[in-house]
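These notes are about the structure you will find just below.
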Amino acid sequence: MNRAPVPHTGTVPSPVDVYMADLSSALSGPRRRRADLMAEARDSLEDATEAYEAGGLGRLEAEQNAVADFGELAEVVPGYRAELGIAQSRRTALMLFLVMIAQPIVWQEGAWAWTQQPEGTTPLLDLLNRSVMVTGSLSIVGAVLAVVGTGLGLRYPWLRERVARATAVFALVSAAAVGTIAVLMGWFSTELDGSNLAGLGVVGGFVLLPLLLVSYSAQRCLRLA
């Protein structure tokens with residue numbers, strides 16, 4: 001249960017507050033998970049401080065001992081970064097899955113103006129259609145496996161860095177591949193009497209923009225992994 005920090009009296013800065021500020025500045029990642037980790041750290045420090053106070057120490061000395069027991073930032077930060085990396089990779093995998101699962105609807109052949117193909121198919125169009133189906137299916141399967149893997153990574157520490165980095169790299173490769181194929185498919189759209197502008201507009205709004213968000217999330221994951 002989270003609780004408010006105990007006010008520190010006197011002119012000497014609170015060691016717990018100073019430690020928490022330094023820890024906060026050293027961490028980045030998903031806001032909710034980061035807030036949970038910070039709350040857990042403060043609760044642990046407050047518990048240790050109260051235990052030392054119960055043993056007869058003053059508030060300042062009790063906080064100093066609690067901080068010393070908690071560990072140097074150089075020792076603590078990597079573990080927290082690994083937790084945040086897992087959370088970021090899980091978010092990345094979910095984003096990739098949602099983007100990919102929507103693509104069959106966006107690109108359903110003949111259903112929308114931008115999916116009207118020219119009369120008489122060409123080898124290039126056949127290749128693009130097959131490529132988008134294969135790449136999209138692999139991306140969906142990979143995203144599902146990444147979600148499962150990041151969940152296991154919370155239980156098995158040795159998986160954390162491997163799963164987080166693999167998820168980020170897979171998401172970046174998938175985004176690049178699907179984005180390239182989508183641009184080519186949009187370019188060959190026959191909307192507006194052969195104009196490809198409408199097709200490219202759809203690609204930008206429904207494919208490239210979501211994939212850019214996936215790529216940004218994946219890059220943040222790599223920085224944490």
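Just so we're on the same page: first chain in the structure tokens is A, next is B, and so on; residues restart at 1 for each chain, and ligands are numbered from 1 in the order they show up.
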Leaving out segment 59-74 of chain A and any residue of its chain fewer than 4 positions from it, which residues lie within 10 Å of it when counting only C-alpha atoms, given as a count of residues only?
31
With only C-alpha atoms as the counted atoms, please give the residues lying no more than 10 Å from segment 136-151 of chain A, apart from itself and same-chain residues fewer than 5 positions off, as a ChimeraX atom specification.
/A:85-104,130-131,156,159-164,166-168,170-171,173-175,177-178
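Comparing the minimum interatomic distances between Arg81 of chain A and each of A:Ala176, A:Leu184, A:Ala35, A:Ser28, counting only C-alpha atoms, we find that A:Ser28 sits nearest.
Note that atom CA of Asp126 of chain A and atom CA of Leu172 of chain A are 25.0 Å apart.
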Give me every helix (DSSP H, G or I) residue in segment 8-217 of chain A, going by DSSP on the backbone, as a count of residues only.
172
Would you mind telling me which residue in A:Pro157, A:Val183, A:Pro30, A:Met38 lies nearest to Ser217 of chain A when using only C-alpha atoms?
A:Pro30
At a cut-off of 10 Å, using only C-alpha atoms, what residues contact Leu37 of chain A? Leave out same-chain residues fewer than 4 positions from it and give the result as a list in words.
Ser24, Arg31, Arg32, Arg33, Ala41, Arg42, Asp43, Tyr80, Glu83 and Leu84 of chain A
